[in-house]
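Trainee: Contents are mmCIF, N, CA and C atoms; file name start02.cif:
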data_start
#
loop_
_atom_site.label_atom_id
_atom_site.label_comp_id
_atom_site.auth_asym_id
_atom_site.auth_seq_id
_atom_site.Cartn_x
_atom_site.Cartn_y
_atom_site.Cartn_z
N GLU N 1075 57.64 -33.84 4.95
CA GLU N 1075 56.49 -33.53 4.14
C GLU N 1075 56.84 -33.56 2.65
N ASN N 1076 58.02 -33.09 2.30
CA ASN N 1076 58.37 -33.07 0.88
C ASN N 1076 58.49 -34.48 0.31
N ALA N 1077 58.98 -35.42 1.11
CA ALA N 1077 59.08 -36.81 0.64
C ALA N 1077 57.69 -37.36 0.38
N GLU N 1078 56.74 -37.03 1.22
CA GLU N 1078 55.36 -37.48 1.01
C GLU N 1078 54.75 -36.81 -0.22
N ARG N 1079 55.04 -35.55 -0.43
CA ARG N 1079 54.55 -34.86 -1.64
C ARG N 1079 55.08 -35.54 -2.90
N LEU N 1080 56.36 -35.88 -2.89
CA LEU N 1080 56.95 -36.58 -4.02
C LEU N 1080 56.27 -37.92 -4.22
N ALA N 1081 56.06 -38.67 -3.15
CA ALA N 1081 55.41 -39.97 -3.25
C ALA N 1081 54.01 -39.83 -3.85
N ARG N 1082 53.28 -38.82 -3.42
CA ARG N 1082 51.94 -38.60 -3.97
C ARG N 1082 52.00 -38.20 -5.44
N ALA N 1083 52.95 -37.37 -5.80
CA ALA N 1083 53.10 -36.97 -7.20
C ALA N 1083 53.45 -38.19 -8.05
N GLU N 1084 54.30 -39.06 -7.55
CA GLU N 1084 54.66 -40.28 -8.28
C GLU N 1084 53.45 -41.20 -8.42
N THR N 1085 52.68 -41.36 -7.36
CA THR N 1085 51.48 -42.21 -7.40
C THR N 1085 50.47 -41.65 -8.39
N PHE N 1086 50.23 -40.36 -8.31
CA PHE N 1086 49.26 -39.72 -9.19
C PHE N 1086 49.73 -39.81 -10.64
N ALA N 1087 50.99 -39.53 -10.88
CA ALA N 1087 51.54 -39.58 -12.23
C ALA N 1087 51.39 -40.97 -12.83
N ALA N 1088 51.71 -41.99 -12.06
CA ALA N 1088 51.58 -43.36 -12.55
C ALA N 1088 50.14 -43.68 -12.91
N ALA N 1089 49.21 -43.16 -12.14
CA ALA N 1089 47.79 -43.44 -12.37
C ALA N 1089 47.27 -42.79 -13.65
N ILE N 1090 47.86 -41.68 -14.05
CA ILE N 1090 47.36 -40.98 -15.25
C ILE N 1090 48.31 -41.07 -16.44
N GLY N 1091 49.40 -41.79 -16.30
CA GLY N 1091 50.34 -41.94 -17.39
C GLY N 1091 51.17 -40.70 -17.67
N ALA N 1092 51.55 -40.02 -16.62
CA ALA N 1092 52.35 -38.81 -16.73
C ALA N 1092 53.62 -38.98 -15.91
N THR N 1093 54.43 -37.94 -15.87
CA THR N 1093 55.62 -37.96 -15.02
C THR N 1093 55.35 -37.14 -13.76
N PRO N 1094 56.07 -37.42 -12.69
CA PRO N 1094 55.91 -36.59 -11.49
C PRO N 1094 56.19 -35.11 -11.76
N THR N 1095 57.13 -34.82 -12.64
CA THR N 1095 57.43 -33.43 -12.98
C THR N 1095 56.23 -32.77 -13.65
N GLN N 1096 55.57 -33.49 -14.54
CA GLN N 1096 54.37 -32.95 -15.19
C GLN N 1096 53.27 -32.70 -14.17
N VAL N 1097 53.11 -33.60 -13.22
CA VAL N 1097 52.10 -33.42 -12.19
C VAL N 1097 52.45 -32.20 -11.33
N ALA N 1098 53.70 -32.04 -10.99
CA ALA N 1098 54.12 -30.88 -10.20
C ALA N 1098 53.83 -29.57 -10.93
N LEU N 1099 54.11 -29.55 -12.22
CA LEU N 1099 53.84 -28.35 -13.01
C LEU N 1099 52.34 -28.09 -13.10
N ALA N 1100 51.56 -29.14 -13.31
CA ALA N 1100 50.10 -29.00 -13.35
C ALA N 1100 49.58 -28.48 -12.01
N TRP N 1101 50.18 -28.95 -10.91
CA TRP N 1101 49.77 -28.50 -9.57
C TRP N 1101 50.02 -27.00 -9.42
N VAL N 1102 51.19 -26.55 -9.85
CA VAL N 1102 51.51 -25.12 -9.77
C VAL N 1102 50.48 -24.31 -10.56
N LEU N 1103 50.19 -24.76 -11.77
CA LEU N 1103 49.27 -24.02 -12.63
C LEU N 1103 47.82 -24.08 -12.14
N ALA N 1104 47.51 -25.03 -11.26
CA ALA N 1104 46.14 -25.19 -10.76
C ALA N 1104 45.86 -24.36 -9.50
N GLN N 1105 46.81 -23.58 -9.07
CA GLN N 1105 46.61 -22.79 -7.85
C GLN N 1105 45.55 -21.71 -8.09
N PRO N 1106 44.83 -21.32 -7.03
CA PRO N 1106 43.73 -20.38 -7.19
C PRO N 1106 44.16 -18.91 -7.35
N PHE N 1107 45.43 -18.66 -7.37
CA PHE N 1107 45.93 -17.30 -7.52
C PHE N 1107 46.74 -17.21 -8.82
N PRO N 1108 46.92 -16.01 -9.35
CA PRO N 1108 47.69 -15.88 -10.59
C PRO N 1108 49.12 -16.40 -10.42
N VAL N 1109 49.53 -17.23 -11.32
CA VAL N 1109 50.86 -17.82 -11.21
C VAL N 1109 51.45 -18.00 -12.60
N HIS N 1110 52.75 -17.84 -12.68
CA HIS N 1110 53.49 -18.09 -13.91
C HIS N 1110 54.57 -19.10 -13.56
N ALA N 1111 54.48 -20.27 -14.14
CA ALA N 1111 55.46 -21.31 -13.86
C ALA N 1111 56.70 -21.08 -14.72
N LEU N 1112 57.84 -21.07 -14.08
CA LEU N 1112 59.11 -20.93 -14.80
C LEU N 1112 59.71 -22.32 -14.94
N ILE N 1113 60.04 -22.68 -16.16
CA ILE N 1113 60.66 -23.98 -16.40
C ILE N 1113 62.06 -23.76 -16.93
N GLY N 1114 62.90 -24.76 -16.83
CA GLY N 1114 64.28 -24.64 -17.31
C GLY N 1114 64.72 -25.89 -18.05
N PRO N 1115 64.04 -26.19 -19.16
CA PRO N 1115 64.42 -27.40 -19.89
C PRO N 1115 65.82 -27.26 -20.50
N GLU N 1116 66.54 -28.37 -20.49
CA GLU N 1116 67.87 -28.38 -21.10
C GLU N 1116 67.85 -29.00 -22.48
N THR N 1117 66.74 -29.71 -22.80
CA THR N 1117 66.62 -30.35 -24.10
C THR N 1117 65.24 -30.09 -24.67
N VAL N 1118 65.08 -30.35 -25.94
CA VAL N 1118 63.78 -30.21 -26.58
C VAL N 1118 62.79 -31.20 -25.97
N ASP N 1119 63.25 -32.40 -25.65
CA ASP N 1119 62.36 -33.39 -25.02
C ASP N 1119 61.85 -32.90 -23.67
N GLU N 1120 62.70 -32.26 -22.89
CA GLU N 1120 62.26 -31.71 -21.61
C GLU N 1120 61.23 -30.61 -21.82
N LEU N 1121 61.42 -29.80 -22.83
CA LEU N 1121 60.45 -28.76 -23.15
C LEU N 1121 59.12 -29.38 -23.54
N ARG N 1122 59.15 -30.38 -24.40
CA ARG N 1122 57.91 -31.07 -24.81
C ARG N 1122 57.20 -31.66 -23.61
N SER N 1123 57.96 -32.27 -22.71
CA SER N 1123 57.36 -32.86 -21.51
C SER N 1123 56.66 -31.81 -20.67
N SER N 1124 57.27 -30.65 -20.54
CA SER N 1124 56.65 -29.57 -19.76
C SER N 1124 55.37 -29.08 -20.44
N VAL N 1125 55.39 -28.96 -21.75
CA VAL N 1125 54.20 -28.52 -22.47
C VAL N 1125 53.07 -29.53 -22.30
N GLU N 1126 53.39 -30.82 -22.26
CA GLU N 1126 52.38 -31.85 -22.06
C GLU N 1126 51.66 -31.70 -20.72
N ALA N 1127 52.32 -31.10 -19.75
CA ALA N 1127 51.70 -30.88 -18.45
C ALA N 1127 50.49 -29.97 -18.55
N LEU N 1128 50.43 -29.16 -19.60
CA LEU N 1128 49.29 -28.26 -19.77
C LEU N 1128 47.99 -29.01 -20.01
N SER N 1129 48.09 -30.26 -20.45
CA SER N 1129 46.87 -31.04 -20.71
C SER N 1129 46.36 -31.77 -19.48
N ILE N 1130 47.10 -31.68 -18.38
CA ILE N 1130 46.67 -32.33 -17.14
C ILE N 1130 45.74 -31.39 -16.39
N GLU N 1131 44.51 -31.81 -16.22
CA GLU N 1131 43.53 -31.00 -15.48
C GLU N 1131 43.34 -31.62 -14.10
N LEU N 1132 43.69 -30.87 -13.09
CA LEU N 1132 43.56 -31.34 -11.72
C LEU N 1132 42.29 -30.76 -11.11
N SER N 1133 41.54 -31.63 -10.45
CA SER N 1133 40.37 -31.15 -9.72
C SER N 1133 40.83 -30.51 -8.41
N SER N 1134 39.94 -29.84 -7.74
CA SER N 1134 40.31 -29.25 -6.45
C SER N 1134 40.67 -30.34 -5.44
N ARG N 1135 40.04 -31.50 -5.57
CA ARG N 1135 40.39 -32.64 -4.69
C ARG N 1135 41.79 -33.15 -5.00
N ASP N 1136 42.14 -33.22 -6.29
CA ASP N 1136 43.48 -33.64 -6.68
C ASP N 1136 44.52 -32.69 -6.10
N VAL N 1137 44.28 -31.40 -6.26
CA VAL N 1137 45.21 -30.39 -5.76
C VAL N 1137 45.36 -30.52 -4.25
N ALA N 1138 44.26 -30.69 -3.54
CA ALA N 1138 44.31 -30.83 -2.08
C ALA N 1138 45.08 -32.08 -1.67
N TRP N 1139 44.85 -33.18 -2.38
CA TRP N 1139 45.54 -34.43 -2.05
C TRP N 1139 47.03 -34.28 -2.28
N LEU N 1140 47.41 -33.69 -3.40
CA LEU N 1140 48.82 -33.47 -3.68
C LEU N 1140 49.46 -32.52 -2.68
N ASP N 1141 48.64 -31.67 -2.07
CA ASP N 1141 49.12 -30.70 -1.08
C ASP N 1141 49.06 -31.26 0.34
N LEU N 1142 48.90 -32.59 0.45
CA LEU N 1142 48.92 -33.32 1.71
C LEU N 1142 47.71 -33.06 2.61
N GLN N 1143 46.62 -32.61 2.04
CA GLN N 1143 45.42 -32.50 2.81
C GLN N 1143 44.74 -33.86 2.83
N ASP N 1144 43.97 -34.13 3.84
CA ASP N 1144 43.37 -35.46 4.01
C ASP N 1144 42.16 -35.67 3.14
N VAL N 1145 42.39 -35.84 1.86
CA VAL N 1145 41.33 -36.20 0.91
C VAL N 1145 41.90 -37.25 -0.02
N THR N 1146 41.04 -37.99 -0.66
CA THR N 1146 41.50 -38.95 -1.65
C THR N 1146 41.42 -38.31 -3.02
N PRO N 1147 42.33 -38.71 -3.91
CA PRO N 1147 42.33 -38.09 -5.25
C PRO N 1147 41.11 -38.46 -6.06
#
Let me see whether you can do it: turn the structure in this file into structure tokens.
Mentor:
Amino acid sequence: ENAERLARAETFAAAIGATPTQVALAWVLAQPFPVHALIGPETVDELRSSVEALSIELSSRDVAWLDLQDVTP
């Protein structure tokens, strides 16, 4: 299942011009419960990339698709 999740994150990221890591972070932040995403950037560029994930808005269908539910993004 994790390999499929990665494949979907890569597909989604390519479609919106983002990285799979940014999509994963956006997915975490889009959960319906209170969540605080912990990141561990080693460089300023990695930090900037993580911050850019905040601009990715996932619909409930996007979140479900990334979570391997049978819906299209």
Trainee: For region 1082-1123 of chain N versus region 1127-1136 of chain N, which residues have an atom no more than 8 Å away, and what is each residue's nearest atom pair and distance in Å rounded to one decimal, using only C-alpha atoms, chain-then-number order, as a Markdown table?
Mentor:
| residue | atom | partner | partner_atom | distance |
| --- | --- | --- | --- | --- |
| N:Gln1096 | CA | N:Ala1127 | CA | 4.7 |
| N:Val1097 | CA | N:Ala1127 | CA | 6.8 |
| N:Leu1099 | CA | N:Ala1127 | CA | 6.4 |
| N:Ala1100 | CA | N:Ala1127 | CA | 5.7 |
| N:Trp1101 | CA | N:Leu1132 | CA | 7.2 |
| N:Ala1104 | CA | N:Leu1132 | CA | 6.7 |
| N:Ser1123 | CA | N:Ala1127 | CA | 6.7 |
Trainee: Could you jot down the CA of Asn1076 (chain N) to CA of Ala1138 (chain N) separation for me, Å, one decimal place?
Mentor: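 Straight-line distance from CA of Asn1076 (chain N) to CA of Ala1138 (chain N) works out to 14.5 Å.
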Trainee: Return as a PDB file with N, CA and C atoms, keeping the file's coordinate frame the full set of residues in chain N whose backbone-based DSSP assignment is alpha helix (DSSP H).
Mentor:
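Result went into states_29.pdb, see below:
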ATOM      1  N   ASN N1076      58.020 -33.090   2.300  1.00  0.00           N
ATOM      2  CA  ASN N1076      58.370 -33.070   0.880  1.00  0.00           C
ATOM      3  C   ASN N1076      58.490 -34.480   0.310  1.00  0.00           C
ATOM      4  N   ALA N1077      58.980 -35.420   1.110  1.00  0.00           N
ATOM      5  CA  ALA N1077      59.080 -36.810   0.640  1.00  0.00           C
ATOM      6  C   ALA N1077      57.690 -37.360   0.380  1.00  0.00           C
ATOM      7  N   GLU N1078      56.740 -37.030   1.220  1.00  0.00           N
ATOM      8  CA  GLU N1078      55.360 -37.480   1.010  1.00  0.00           C
ATOM      9  C   GLU N1078      54.750 -36.810  -0.220  1.00  0.00           C
ATOM     10  N   ARG N1079      55.040 -35.550  -0.430  1.00  0.00           N
ATOM     11  CA  ARG N1079      54.550 -34.860  -1.640  1.00  0.00           C
ATOM     12  C   ARG N1079      55.080 -35.540  -2.900  1.00  0.00           C
ATOM     13  N   LEU N1080      56.360 -35.880  -2.890  1.00  0.00           N
ATOM     14  CA  LEU N1080      56.950 -36.580  -4.020  1.00  0.00           C
ATOM     15  C   LEU N1080      56.270 -37.920  -4.220  1.00  0.00           C
ATOM     16  N   ALA N1081      56.060 -38.670  -3.150  1.00  0.00           N
ATOM     17  CA  ALA N1081      55.410 -39.970  -3.250  1.00  0.00           C
ATOM     18  C   ALA N1081      54.010 -39.830  -3.850  1.00  0.00           C
ATOM     19  N   ARG N1082      53.280 -38.820  -3.420  1.00  0.00           N
ATOM     20  CA  ARG N1082      51.940 -38.600  -3.970  1.00  0.00           C
ATOM     21  C   ARG N1082      52.000 -38.200  -5.440  1.00  0.00           C
ATOM     22  N   ALA N1083      52.950 -37.370  -5.800  1.00  0.00           N
ATOM     23  CA  ALA N1083      53.100 -36.970  -7.200  1.00  0.00           C
ATOM     24  C   ALA N1083      53.450 -38.190  -8.050  1.00  0.00           C
ATOM     25  N   GLU N1084      54.300 -39.060  -7.550  1.00  0.00           N
ATOM     26  CA  GLU N1084      54.660 -40.280  -8.280  1.00  0.00           C
ATOM     27  C   GLU N1084      53.450 -41.200  -8.420  1.00  0.00           C
ATOM     28  N   THR N1085      52.680 -41.360  -7.360  1.00  0.00           N
ATOM     29  CA  THR N1085      51.480 -42.210  -7.400  1.00  0.00           C
ATOM     30  C   THR N1085      50.470 -41.650  -8.390  1.00  0.00           C
ATOM     31  N   PHE N1086      50.230 -40.360  -8.310  1.00  0.00           N
ATOM     32  CA  PHE N1086      49.260 -39.720  -9.190  1.00  0.00           C
ATOM     33  C   PHE N1086      49.730 -39.810 -10.640  1.00  0.00           C
ATOM     34  N   ALA N1087      50.990 -39.530 -10.880  1.00  0.00           N
ATOM     35  CA  ALA N1087      51.540 -39.580 -12.230  1.00  0.00           C
ATOM     36  C   ALA N1087      51.390 -40.970 -12.830  1.00  0.00           C
ATOM     37  N   ALA N1088      51.710 -41.990 -12.060  1.00  0.00           N
ATOM     38  CA  ALA N1088      51.580 -43.360 -12.550  1.00  0.00           C
ATOM     39  C   ALA N1088      50.140 -43.680 -12.910  1.00  0.00           C
ATOM     40  N   ALA N1089      49.210 -43.160 -12.140  1.00  0.00           N
ATOM     41  CA  ALA N1089      47.790 -43.440 -12.370  1.00  0.00           C
ATOM     42  C   ALA N1089      47.270 -42.790 -13.650  1.00  0.00           C
ATOM     43  N   ILE N1090      47.860 -41.680 -14.050  1.00  0.00           N
ATOM     44  CA  ILE N1090      47.360 -40.980 -15.250  1.00  0.00           C
ATOM     45  C   ILE N1090      48.310 -41.070 -16.440  1.00  0.00           C
ATOM     46  N   PRO N1094      56.070 -37.420 -12.690  1.00  0.00           N
ATOM     47  CA  PRO N1094      55.910 -36.590 -11.490  1.00  0.00           C
ATOM     48  C   PRO N1094      56.190 -35.110 -11.760  1.00  0.00           C
ATOM     49  N   THR N1095      57.130 -34.820 -12.640  1.00  0.00           N
ATOM     50  CA  THR N1095      57.430 -33.430 -12.980  1.00  0.00           C
ATOM     51  C   THR N1095      56.230 -32.770 -13.650  1.00  0.00           C
ATOM     52  N   GLN N1096      55.570 -33.490 -14.540  1.00  0.00           N
ATOM     53  CA  GLN N1096      54.370 -32.950 -15.190  1.00  0.00           C
ATOM     54  C   GLN N1096      53.270 -32.700 -14.170  1.00  0.00           C
ATOM     55  N   VAL N1097      53.110 -33.600 -13.220  1.00  0.00           N
ATOM     56  CA  VAL N1097      52.100 -33.420 -12.190  1.00  0.00           C
ATOM     57  C   VAL N1097      52.450 -32.200 -11.330  1.00  0.00           C
ATOM     58  N   ALA N1098      53.700 -32.040 -10.990  1.00  0.00           N
ATOM     59  CA  ALA N1098      54.120 -30.880 -10.200  1.00  0.00           C
ATOM     60  C   ALA N1098      53.830 -29.570 -10.930  1.00  0.00           C
ATOM     61  N   LEU N1099      54.110 -29.550 -12.220  1.00  0.00           N
ATOM     62  CA  LEU N1099      53.840 -28.350 -13.010  1.00  0.00           C
ATOM     63  C   LEU N1099      52.340 -28.090 -13.100  1.00  0.00           C
ATOM     64  N   ALA N1100      51.560 -29.140 -13.310  1.00  0.00           N
ATOM     65  CA  ALA N1100      50.100 -29.000 -13.350  1.00  0.00           C
ATOM     66  C   ALA N1100      49.580 -28.480 -12.010  1.00  0.00           C
ATOM     67  N   TRP N1101      50.180 -28.950 -10.910  1.00  0.00           N
ATOM     68  CA  TRP N1101      49.770 -28.500  -9.570  1.00  0.00           C
ATOM     69  C   TRP N1101      50.020 -27.000  -9.420  1.00  0.00           C
ATOM     70  N   VAL N1102      51.190 -26.550  -9.850  1.00  0.00           N
ATOM     71  CA  VAL N1102      51.510 -25.120  -9.770  1.00  0.00           C
ATOM     72  C   VAL N1102      50.480 -24.310 -10.560  1.00  0.00           C
ATOM     73  N   LEU N1103      50.190 -24.760 -11.770  1.00  0.00           N
ATOM     74  CA  LEU N1103      49.270 -24.020 -12.630  1.00  0.00           C
ATOM     75  C   LEU N1103      47.820 -24.080 -12.140  1.00  0.00           C
ATOM     76  N   VAL N1118      65.080 -30.350 -25.940  1.00  0.00           N
ATOM     77  CA  VAL N1118      63.780 -30.210 -26.580  1.00  0.00           C
ATOM     78  C   VAL N1118      62.790 -31.200 -25.970  1.00  0.00           C
ATOM     79  N   ASP N1119      63.250 -32.400 -25.650  1.00  0.00           N
ATOM     80  CA  ASP N1119      62.360 -33.390 -25.020  1.00  0.00           C
ATOM     81  C   ASP N1119      61.850 -32.900 -23.670  1.00  0.00           C
ATOM     82  N   GLU N1120      62.700 -32.260 -22.890  1.00  0.00           N
ATOM     83  CA  GLU N1120      62.260 -31.710 -21.610  1.00  0.00           C
ATOM     84  C   GLU N1120      61.230 -30.610 -21.820  1.00  0.00           C
ATOM     85  N   LEU N1121      61.420 -29.800 -22.830  1.00  0.00           N
ATOM     86  CA  LEU N1121      60.450 -28.760 -23.150  1.00  0.00           C
ATOM     87  C   LEU N1121      59.120 -29.380 -23.540  1.00  0.00           C
ATOM     88  N   ARG N1122      59.150 -30.380 -24.400  1.00  0.00           N
ATOM     89  CA  ARG N1122      57.910 -31.070 -24.810  1.00  0.00           C
ATOM     90  C   ARG N1122      57.200 -31.660 -23.610  1.00  0.00           C
ATOM     91  N   SER N1123      57.960 -32.270 -22.710  1.00  0.00           N
ATOM     92  CA  SER N1123      57.360 -32.860 -21.510  1.00  0.00           C
ATOM     93  C   SER N1123      56.660 -31.810 -20.670  1.00  0.00           C
ATOM     94  N   SER N1124      57.270 -30.650 -20.540  1.00  0.00           N
ATOM     95  CA  SER N1124      56.650 -29.570 -19.760  1.00  0.00           C
ATOM     96  C   SER N1124      55.370 -29.080 -20.440  1.00  0.00           C
ATOM     97  N   VAL N1125      55.390 -28.960 -21.750  1.00  0.00           N
ATOM     98  CA  VAL N1125      54.200 -28.520 -22.470  1.00  0.00           C
ATOM     99  C   VAL N1125      53.070 -29.530 -22.300  1.00  0.00           C
ATOM    100  N   GLU N1126      53.390 -30.820 -22.260  1.00  0.00           N
ATOM    101  CA  GLU N1126      52.380 -31.850 -22.060  1.00  0.00           C
ATOM    102  C   GLU N1126      51.660 -31.700 -20.720  1.00  0.00           C
ATOM    103  N   SER N1134      39.940 -29.840  -7.740  1.00  0.00           N
ATOM    104  CA  SER N1134      40.310 -29.250  -6.450  1.00  0.00           C
ATOM    105  C   SER N1134      40.670 -30.340  -5.440  1.00  0.00           C
ATOM    106  N   ARG N1135      40.040 -31.500  -5.570  1.00  0.00           N
ATOM    107  CA  ARG N1135      40.390 -32.640  -4.690  1.00  0.00           C
ATOM    108  C   ARG N1135      41.790 -33.150  -5.000  1.00  0.00           C
ATOM    109  N   ASP N1136      42.140 -33.220  -6.290  1.00  0.00           N
ATOM    110  CA  ASP N1136      43.480 -33.640  -6.680  1.00  0.00           C
ATOM    111  C   ASP N1136      44.520 -32.690  -6.100  1.00  0.00           C
ATOM    112  N   VAL N1137      44.280 -31.400  -6.260  1.00  0.00           N
ATOM    113  CA  VAL N1137      45.210 -30.390  -5.760  1.00  0.00           C
ATOM    114  C   VAL N1137      45.360 -30.520  -4.250  1.00  0.00           C
ATOM    115  N   ALA N1138      44.260 -30.690  -3.540  1.00  0.00           N
ATOM    116  CA  ALA N1138      44.310 -30.830  -2.080  1.00  0.00           C
ATOM    117  C   ALA N1138      45.080 -32.080  -1.670  1.00  0.00           C
ATOM    118  N   TRP N1139      44.850 -33.180  -2.380  1.00  0.00           N
ATOM    119  CA  TRP N1139      45.540 -34.430  -2.050  1.00  0.00           C
ATOM    120  C   TRP N1139      47.030 -34.280  -2.280  1.00  0.00           C
ATOM    121  N   LEU N1140      47.410 -33.690  -3.400  1.00  0.00           N
ATOM    122  CA  LEU N1140      48.820 -33.470  -3.680  1.00  0.00           C
ATOM    123  C   LEU N1140      49.460 -32.520  -2.680  1.00  0.00           C
TER     124      LEU N1140
END
Trainee: What separation in Å, quoted to one decimal, exists between CA of His1110 (chain N) and CA of Asp1144 (chain N)?
Mentor: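 These two atoms are separated by 26.9 Å.
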Trainee: Just give me the gap between atom N of Val1145 (chain N) and atom C of Ala1088 (chain N) in Å, one decimal is fine.
Mentor: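 Computing it gives 18.4 Å between the two atoms.
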Trainee: In terms of the shortest atom-to-atom distance over only N, CA and C atoms, which of N:Glu1116, N:Leu1142, N:Val1137, N:Val1102 is closest to Glu1078 (chain N)?
Mentor: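 Smallest distance to Glu1078 (chain N) is found for N:Leu1142.
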